[in-house]
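The structure appears right after this line, and notes come after that.
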Amino acid sequence: MQRYQDVLAEILIDTETLQARVKELGAQISADYPEGELLLICILRGGVPFMVDLSRHITTPHMMDFMAVSSYGVGARTSTGSARVTLDLQTDIRDKNVLLIEDIVDSGHTIASVLSMLETRQPRTLRVCTLLDKPERREARPP
């Protein structure tokens with residue numbers, strides 16, 4: 001198996017900068033939800049390392065759940081524009097403060113579809129925390 005360091009052309013964000021930003025986000029989330037009752041929902045798989053790091057910096061009591069969603073075809077590197085859920089939540093989100101955790105928002109198709117679906121489940125609040133945002137690649141906007 002090839003090491004990822006051997007195939008990178010350049011590092012865009014160094015580890016220290018990345019970890020400092022994750023810590024800032026954790027502090028902001030803790031301030032935004034001081035009462036607790038926060039549910040972090042991670043979109044698998046790429047979001048897992050981000051959510052784990054982020055959760056270490058959130059002082060508010062919180063729970064986690066996971067979804068697997070794909071808007072990419074098999075072997076594709078571009079979105080099909082149609083998201084499908086391959087693993088749904090185990091938690092009822094009605095009347096809960098929900099924070100959707102995503103590593104990268106690219107085309108916007110996946111996040112827009114997930115937000116629309118989760119909104120029908122009547123959470124108290126529904127917001128997104130993403131590590132990286134690529135607005136220049138946006139094709140779909142969240143509801």
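Naming works like this for the structure tokens: A, B, ... for the chains as they're shown, residue 1 at the start of each chain, ligands 1 onward in shown order.
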
**Request:** Select from chain A everything DSSP, run on the backbone, classes as helix (DSSP H, G or I), then give the selection as a VMD selection string.
**Result:** chain A and resid 4 to 6 15 to 32 47 to 55 109 to 119 135 to 137

**Request:** Tell me which protein, DNA and RNA residues are within 7 Å of region 39-41 of chain A, counting only C-alpha atoms, leaving out same-chain ones fewer than 2 positions away, and put them as a list in words.
**Result:**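 Selected residues are Glu37, Ile43, His62, Met63, Met64, Asp65, Phe66, Lys96, Asn97, Val98, Leu99, Leu100 and Ile101 of chain A.
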
**Asked** Rounded to one decimal in Å, what is the spacing between CA of Glu24 (chain A) and CA of Phe50 (chain A)?
**Response** 13.0 Å

**Prompt:** Do you have the CA of Met67 (chain A)-CA of Asp32 (chain A) distance handy?
**Reply:** 23.4 Å

**Point-to-point distance in Å for CA of Arg94 (chain A) and CA of Ser116 (chain A)** =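 According to the coordinates, CA of Ser116 (chain A) and CA of Arg94 (chain A) are separated by 14.2 Å.
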
**Message:** At a cut-off of 12 Å, using only C-alpha atoms, what residues contact Ala20 (chain A)? Leave out same-chain residues fewer than 6 positions from it and give the result as a list in words.
**Reply:**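 Surrounding residues, per the criterion: Ile13, Asp14, Gly26, Ala27, Asp53, Leu54, His57 and Leu131 of chain A.
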
**Item:** Contact residues around Ala68 (chain A) with only C-alpha atoms at 9 Å, ignoring same-chain residues under 4 positions, as an MDAnalysis selection string
**Value:** chainID A and resid 42:45 84:89

**Message:** Quick one: residues within 10 Å of Thr59 (chain A), only C-alpha atoms, excluding same-chain residues fewer than 3 positions away - as a VMD selection string?
**Reply:** chain A and resid 26 to 27 29 to 31 33 to 34 36 55 to 56 62

**Request:** Name the residues of chain A that come out as strand (DSSP E) in a backbone DSSP run; write them as an NGL selection string.
**Result:** :A and (38-44 or 62-72 or 79-87 or 97-105 or 125-133)
